[in-house]
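As provided, input.pdb (PDB, C-alpha atoms) reads as follows.
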ATOM      1  CA  MET A1287      74.441 190.126 129.432  1.00  0.00           C
ATOM      2  CA  ASN A1288      72.032 192.716 128.101  1.00  0.00           C
ATOM      3  CA  LEU A1289      70.595 194.628 131.050  1.00  0.00           C
ATOM      4  CA  LYS A1290      68.026 196.446 128.927  1.00  0.00           C
ATOM      5  CA  HIS A1291      64.594 196.131 130.502  1.00  0.00           C
ATOM      6  CA  LYS A1292      65.737 193.660 133.153  1.00  0.00           C
ATOM      7  CA  LYS A1293      63.510 193.845 136.235  1.00  0.00           C
ATOM      8  CA  VAL A1294      64.820 192.766 139.605  1.00  0.00           C
ATOM      9  CA  LEU A1295      62.597 192.136 142.620  1.00  0.00           C
ATOM     10  CA  ALA A1296      64.002 192.202 146.148  1.00  0.00           C
ATOM     11  CA  THR A1297      61.834 191.834 149.235  1.00  0.00           C
ATOM     12  CA  GLY A1298      62.327 192.168 152.965  1.00  0.00           C
ATOM     13  CA  VAL A1299      61.520 194.082 156.121  1.00  0.00           C
ATOM     14  CA  PHE A1300      64.233 196.783 155.834  1.00  0.00           C
ATOM     15  CA  ASP A1301      63.324 198.140 159.266  1.00  0.00           C
ATOM     16  CA  ILE A1302      66.439 200.007 160.390  1.00  0.00           C
ATOM     17  CA  LEU A1303      68.488 200.341 157.212  1.00  0.00           C
ATOM     18  CA  HIS A1304      72.049 199.231 157.832  1.00  0.00           C
ATOM     19  CA  LYS A1305      75.070 198.483 155.671  1.00  0.00           C
ATOM     20  CA  GLU A1306      74.043 194.871 154.997  1.00  0.00           C
ATOM     21  CA  HIS A1307      70.680 196.017 153.605  1.00  0.00           C
ATOM     22  CA  LYS A1308      72.489 198.509 151.395  1.00  0.00           C
ATOM     23  CA  ASN A1309      75.012 195.897 150.219  1.00  0.00           C
ATOM     24  CA  PHE A1310      72.184 193.488 149.408  1.00  0.00           C
ATOM     25  CA  LEU A1311      70.259 196.104 147.422  1.00  0.00           C
ATOM     26  CA  LYS A1312      73.358 197.257 145.497  1.00  0.00           C
ATOM     27  CA  LYS A1313      74.081 193.661 144.500  1.00  0.00           C
ATOM     28  CA  ALA A1314      70.441 193.147 143.521  1.00  0.00           C
ATOM     29  CA  LYS A1315      70.509 196.276 141.361  1.00  0.00           C
ATOM     30  CA  LYS A1316      73.518 194.940 139.427  1.00  0.00           C
ATOM     31  CA  LEU A1317      71.337 192.126 138.058  1.00  0.00           C
ATOM     32  CA  GLY A1318      69.281 194.545 135.972  1.00  0.00           C
ATOM     33  CA  ASN A1319      68.331 198.142 135.472  1.00  0.00           C
ATOM     34  CA  PHE A1320      64.923 198.307 137.151  1.00  0.00           C
ATOM     35  CA  LEU A1321      64.922 197.433 140.856  1.00  0.00           C
ATOM     36  CA  ILE A1322      61.614 196.883 142.596  1.00  0.00           C
ATOM     37  CA  ILE A1323      61.630 196.554 146.383  1.00  0.00           C
ATOM     38  CA  GLY A1324      58.724 194.982 148.243  1.00  0.00           C
ATOM     39  CA  ILE A1325      58.628 195.559 151.987  1.00  0.00           C
ATOM     40  CA  GLU A1326      56.687 193.560 154.534  1.00  0.00           C
ATOM     41  CA  SER A1327      53.674 195.348 156.043  1.00  0.00           C
ATOM     42  CA  ASP A1328      53.781 196.520 159.651  1.00  0.00           C
ATOM     43  CA  LYS A1329      51.305 193.791 160.597  1.00  0.00           C
ATOM     44  CA  ARG A1330      53.392 191.074 158.959  1.00  0.00           C
ATOM     45  CA  VAL A1331      56.607 192.374 160.591  1.00  0.00           C
ATOM     46  CA  ARG A1332      54.931 192.084 164.021  1.00  0.00           C
ATOM     47  CA  GLU A1333      53.956 188.498 163.156  1.00  0.00           C
ATOM     48  CA  LEU A1334      57.502 187.669 161.995  1.00  0.00           C
ATOM     49  CA  LYS A1335      59.614 189.632 164.485  1.00  0.00           C
ATOM     50  CA  GLY A1336      57.393 190.026 167.544  1.00  0.00           C
ATOM     51  CA  ARG A1337      56.139 192.823 169.772  1.00  0.00           C
ATOM     52  CA  GLY A1338      57.852 196.184 169.370  1.00  0.00           C
ATOM     53  CA  ARG A1339      58.596 195.623 165.721  1.00  0.00           C
ATOM     54  CA  PRO A1340      58.835 197.161 163.308  1.00  0.00           C
ATOM     55  CA  VAL A1341      60.809 200.027 164.787  1.00  0.00           C
ATOM     56  CA  ASN A1342      59.903 202.118 161.733  1.00  0.00           C
ATOM     57  CA  LYS A1343      56.423 202.097 160.232  1.00  0.00           C
ATOM     58  CA  GLN A1344      56.052 201.006 156.627  1.00  0.00           C
ATOM     59  CA  GLU A1345      55.701 204.595 155.384  1.00  0.00           C
ATOM     60  CA  THR A1346      59.050 205.502 156.986  1.00  0.00           C
ATOM     61  CA  ARG A1347      60.707 202.358 155.648  1.00  0.00           C
ATOM     62  CA  ILE A1348      59.506 203.207 152.134  1.00  0.00           C
ATOM     63  CA  LYS A1349      60.774 206.782 152.489  1.00  0.00           C
ATOM     64  CA  ASN A1350      64.176 205.568 153.741  1.00  0.00           C
ATOM     65  CA  LEU A1351      64.530 203.129 150.849  1.00  0.00           C
ATOM     66  CA  LYS A1352      63.566 205.804 148.330  1.00  0.00           C
ATOM     67  CA  LYS A1353      66.260 208.086 149.792  1.00  0.00           C
ATOM     68  CA  LEU A1354      68.861 205.523 148.698  1.00  0.00           C
ATOM     69  CA  GLU A1355      67.880 206.334 145.102  1.00  0.00           C
ATOM     70  CA  ILE A1356      68.591 202.770 144.024  1.00  0.00           C
ATOM     71  CA  ALA A1357      65.072 201.453 143.358  1.00  0.00           C
ATOM     72  CA  GLU A1358      62.649 202.471 140.660  1.00  0.00           C
ATOM     73  CA  ASN A1359      59.715 201.340 142.778  1.00  0.00           C
ATOM     74  CA  VAL A1360      59.141 200.533 146.467  1.00  0.00           C
ATOM     75  CA  PHE A1361      55.840 199.081 147.653  1.00  0.00           C
ATOM     76  CA  VAL A1362      54.229 197.280 150.585  1.00  0.00           C
ATOM     77  CA  LEU A1363      53.738 193.563 150.059  1.00  0.00           C
ATOM     78  CA  PRO A1364      50.290 192.047 150.636  1.00  0.00           C
ATOM     79  CA  GLU A1365      49.476 190.775 154.142  1.00  0.00           C
ATOM     80  CA  GLY A1366      49.400 187.113 153.113  1.00  0.00           C
ATOM     81  CA  MET A1367      53.034 186.811 152.038  1.00  0.00           C
ATOM     82  CA  GLY A1368      53.361 183.764 154.271  1.00  0.00           C
ATOM     83  CA  GLU A1369      51.235 181.866 151.762  1.00  0.00           C
ATOM     84  CA  LYS A1370      52.703 180.402 148.589  1.00  0.00           C
ATOM     85  CA  SER A1371      49.711 181.517 146.508  1.00  0.00           C
ATOM     86  CA  VAL A1372      50.236 185.157 147.522  1.00  0.00           C
ATOM     87  CA  ARG A1373      53.969 185.000 146.746  1.00  0.00           C
ATOM     88  CA  GLU A1374      53.123 183.514 143.364  1.00  0.00           C
ATOM     89  CA  ARG A1375      50.556 186.228 142.642  1.00  0.00           C
ATOM     90  CA  ILE A1376      53.228 188.917 143.219  1.00  0.00           C
ATOM     91  CA  ILE A1377      55.682 187.189 140.867  1.00  0.00           C
ATOM     92  CA  LYS A1378      52.986 186.675 138.236  1.00  0.00           C
ATOM     93  CA  LYS A1379      51.997 190.356 138.409  1.00  0.00           C
ATOM     94  CA  ILE A1380      55.515 191.861 138.412  1.00  0.00           C
ATOM     95  CA  ARG A1381      57.183 189.209 136.225  1.00  0.00           C
ATOM     96  CA  PRO A1382      60.711 190.067 137.313  1.00  0.00           C
ATOM     97  CA  ASP A1383      63.632 188.703 135.344  1.00  0.00           C
ATOM     98  CA  PHE A1384      65.412 188.128 138.650  1.00  0.00           C
ATOM     99  CA  LEU A1385      64.372 187.563 142.240  1.00  0.00           C
ATOM    100  CA  ALA A1386      67.314 188.726 144.336  1.00  0.00           C
ATOM    101  CA  VAL A1387      67.646 187.017 147.712  1.00  0.00           C
ATOM    102  CA  SER A1388      70.087 186.465 150.561  1.00  0.00           C
ATOM    103  CA  ASN A1389      71.347 183.014 151.452  1.00  0.00           C
ATOM    104  CA  HIS A1390      69.163 183.040 154.592  1.00  0.00           C
ATOM    105  CA  THR A1391      65.924 183.898 152.773  1.00  0.00           C
ATOM    106  CA  PRO A1392      63.103 181.555 153.816  1.00  0.00           C
ATOM    107  CA  PHE A1393      61.371 179.304 151.257  1.00  0.00           C
ATOM    108  CA  LEU A1394      64.305 179.440 148.786  1.00  0.00           C
ATOM    109  CA  ASN A1395      63.328 176.314 146.841  1.00  0.00           C
ATOM    110  CA  GLU A1396      59.680 177.340 146.680  1.00  0.00           C
ATOM    111  CA  LYS A1397      60.597 180.852 145.530  1.00  0.00           C
ATOM    112  CA  ARG A1398      62.944 179.403 142.898  1.00  0.00           C
ATOM    113  CA  GLU A1399      60.142 177.188 141.594  1.00  0.00           C
ATOM    114  CA  ILE A1400      57.709 180.118 141.374  1.00  0.00           C
ATOM    115  CA  ILE A1401      60.094 182.562 139.672  1.00  0.00           C
ATOM    116  CA  GLU A1402      61.171 179.939 137.123  1.00  0.00           C
ATOM    117  CA  LYS A1403      57.517 179.166 136.352  1.00  0.00           C
ATOM    118  CA  TYR A1404      57.185 182.770 135.139  1.00  0.00           C
ATOM    119  CA  GLY A1405      60.446 182.851 133.184  1.00  0.00           C
ATOM    120  CA  GLY A1406      62.646 184.462 135.829  1.00  0.00           C
ATOM    121  CA  GLU A1407      65.626 183.372 137.854  1.00  0.00           C
ATOM    122  CA  LEU A1408      66.282 183.328 141.590  1.00  0.00           C
ATOM    123  CA  VAL A1409      69.752 184.656 142.372  1.00  0.00           C
ATOM    124  CA  VAL A1410      71.418 184.557 145.782  1.00  0.00           C
ATOM    125  CA  VAL A1411      73.224 187.907 145.669  1.00  0.00           C
ATOM    126  CA  HIS A1412      74.232 188.237 149.289  1.00  0.00           C
ATOM    127  CA  GLU A1413      75.600 186.070 152.082  1.00  0.00           C
ATOM    128  CA  GLU A1414      74.165 186.845 155.501  1.00  0.00           C
ATOM    129  CA  ASN A1415      76.521 188.632 157.860  1.00  0.00           C
ATOM    130  CA  PRO A1416      75.457 187.487 161.344  1.00  0.00           C
ATOM    131  CA  GLU A1417      77.084 190.572 162.863  1.00  0.00           C
ATOM    132  CA  PHE A1418      74.466 192.868 161.309  1.00  0.00           C
ATOM    133  CA  SER A1419      70.710 192.629 161.665  1.00  0.00           C
ATOM    134  CA  THR A1420      67.994 195.009 162.717  1.00  0.00           C
ATOM    135  CA  SER A1421      67.125 192.622 165.547  1.00  0.00           C
ATOM    136  CA  LYS A1422      70.680 192.914 166.911  1.00  0.00           C
ATOM    137  CA  LEU A1423      70.641 196.689 166.455  1.00  0.00           C
ATOM    138  CA  VAL A1424      67.308 196.967 168.291  1.00  0.00           C
ATOM    139  CA  GLY A1425      68.773 194.954 171.151  1.00  0.00           C
ATOM    140  CA  LYS A1426      71.590 197.511 171.489  1.00  0.00           C
ATOM    141  CA  VAL A1427      69.241 200.498 171.664  1.00  0.00           C
ATOM    142  CA  SER A1428      68.379 201.565 175.175  1.00  0.00           C
ATOM    143  CA  PRO A1429      64.688 201.885 176.124  1.00  0.00           C
ATOM    144  CA  GLN A1430      65.135 205.653 176.680  1.00  0.00           C
ATOM    145  CA  CYS A1431      65.974 206.219 172.981  1.00  0.00           C
TER     146      CYS A1431
END
How does this structure look as structure tokens?
Amino acid sequence: MNLKHKKVLATGVFDILHKEHKNFLKKAKKLGNFLIIGIESDKRVRELKGRGRPVNKQETRIKNLKKLEIAENVFVLPEGMGEKSVRERIIKKIRPDFLAVSNHTPFLNEKREIIEKYGGELVVVHEENPEFSTSKLVGKVSPQC
């Protein structure tokens, strides 16, 4: 497969970066040579994960992802990512060759339909490891930290 000019889009919260995030992003990067990471906004993370989240503000999450030196671009997703039309607008604008997801990504069939509409492919690059999640890590952190 020719990786020349192959764009890969991966999205998520990426609150407290842990080894499963890193594994996911490394696998996503292997699909192409230009990885774009979209992170959920602070407001959207609160809606998805509840009070006290995110642990790290979006600016910090972007900085932490950039430190990995794996992505060519990291940006904050629009607030309305819960809506199909907003997800489609992002795909239409970026036009990735691949949308890299985990097996537990919500709206898989809908995302597959959208990416294929714009000539791309949805690829499940990572199986969820239930032992690792930011939510579990946050639960292990004491309130004094």
Query raised in the report: Which protein, DNA or RNA residues are at most 12 Å from (55.5, 193.3, 161.1) in the file's coordinates when you count all atoms listed in the file, listed as number ranges by chain?
Result: A: 1298-1301, 1325-1344, 1347, 1362-1368
With a distance cut-off of 12 Å and only C-alpha atoms, select the neighbouring residues of Gly1318 in chain A, excluding the residue or stretch itself and same-chain residues fewer than 6 positions from it, and output the selection as a compact mmCIF listing (two decimals) with C-alpha atoms, in the coordinates of the input.
# COMPACT_ATOMS: atom_id res chain seq x y z
CA MET A 1287 74.44 190.13 129.43
CA ASN A 1288 72.03 192.72 128.10
CA LEU A 1289 70.60 194.63 131.05
CA LYS A 1290 68.03 196.45 128.93
CA HIS A 1291 64.59 196.13 130.50
CA LYS A 1292 65.74 193.66 133.15
CA LYS A 1293 63.51 193.84 136.24
CA VAL A 1294 64.82 192.77 139.60
CA LEU A 1295 62.60 192.14 142.62
CA ALA A 1296 64.00 192.20 146.15
CA LEU A 1311 70.26 196.10 147.42
CA LYS A 1312 73.36 197.26 145.50
CA ILE A 1356 68.59 202.77 144.02
CA ALA A 1357 65.07 201.45 143.36
CA GLU A 1358 62.65 202.47 140.66
CA PRO A 1382 60.71 190.07 137.31
CA ASP A 1383 63.63 188.70 135.34
CA PHE A 1384 65.41 188.13 138.65
CA LEU A 1385 64.37 187.56 142.24
CA ALA A 1386 67.31 188.73 144.34
CA GLU A 1407 65.63 183.37 137.85
CA VAL A 1409 69.75 184.66 142.37
Requested in this report: I need the residue set behind the PyMOL selection byres ((chain A and resi 1411) around 8) for this file; please write it as JSON, numbers by chain.
Outcome: {"A": [1310, 1313, 1314, 1386, 1387, 1388, 1389, 1409, 1410, 1412, 1413]}
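Straight-line separation from CA of Leu1351 in chain A to CA of Asn1319 in chain A: 16.6 Å.
For the pair CA of Leu1354 in chain A and CA of Lys1379 in chain A, the interatomic distance is 24.9 Å.
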Enclose the full set of atoms of range 1389-1398 of chain A listed in the file within a box whose edges lie along x, y and z, apply 3 Å of padding to each of the six sides, and report centre and edge lengths in Å to one decimal as AutoDock Vina command-line options.
--center_x 65.5 --center_y 180.1 --center_z 148.7 --size_x 17.7 --size_y 13.6 --size_z 17.7
Report task. For each of A:Lys1370, A:Lys1378, A:Lys1353, A:Lys1305, take the minimum atom-to-atom distance to Ile1401 in chain A, counting all atoms listed in the file, then give the residue where this is smallest. Result ->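 Using all atoms listed in the file, Ile1401 in chain A sits closest to A:Lys1378.
The nearest approach to Glu1306 in chain A among the residues A:Asn1359, A:Glu1414, A:Glu1402, A:Ile1380, with all atoms listed in the file taken into account, belongs to A:Glu1414.
Relative to CA of Glu1355 in chain A, CA of Gly1406 in chain A is found at 24.3 Å.
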Quick one: everything within 12 Å of Glu1369 in chain A, counting only C-alpha atoms, minus sequence neighbours fewer than 5 positions away in the same chain. Send it as a short mmCIF file (atom, residue, chain, number, x, y, z; two decimals) with C-alpha atoms, in the frame of the given file.
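Final output, saved to result.cif:
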data_model
loop_
_atom_site.label_atom_id
_atom_site.label_comp_id
_atom_site.auth_asym_id
_atom_site.auth_seq_id
_atom_site.Cartn_x
_atom_site.Cartn_y
_atom_site.Cartn_z
CA ARG A 1330 53.39 191.07 158.96
CA PRO A 1364 50.29 192.05 150.64
CA GLU A 1374 53.12 183.51 143.36
CA ARG A 1375 50.56 186.23 142.64
CA ILE A 1376 53.23 188.92 143.22
CA PHE A 1393 61.37 179.30 151.26
CA GLU A 1396 59.68 177.34 146.68
CA LYS A 1397 60.60 180.85 145.53
#
Query raised in the report: Which one of A:Asn1350, A:Ile1302, A:Ile1377, A:Glu1345 sits closest to Leu1408 in chain A if you count all atoms listed in the file?
Result: A:Ile1377
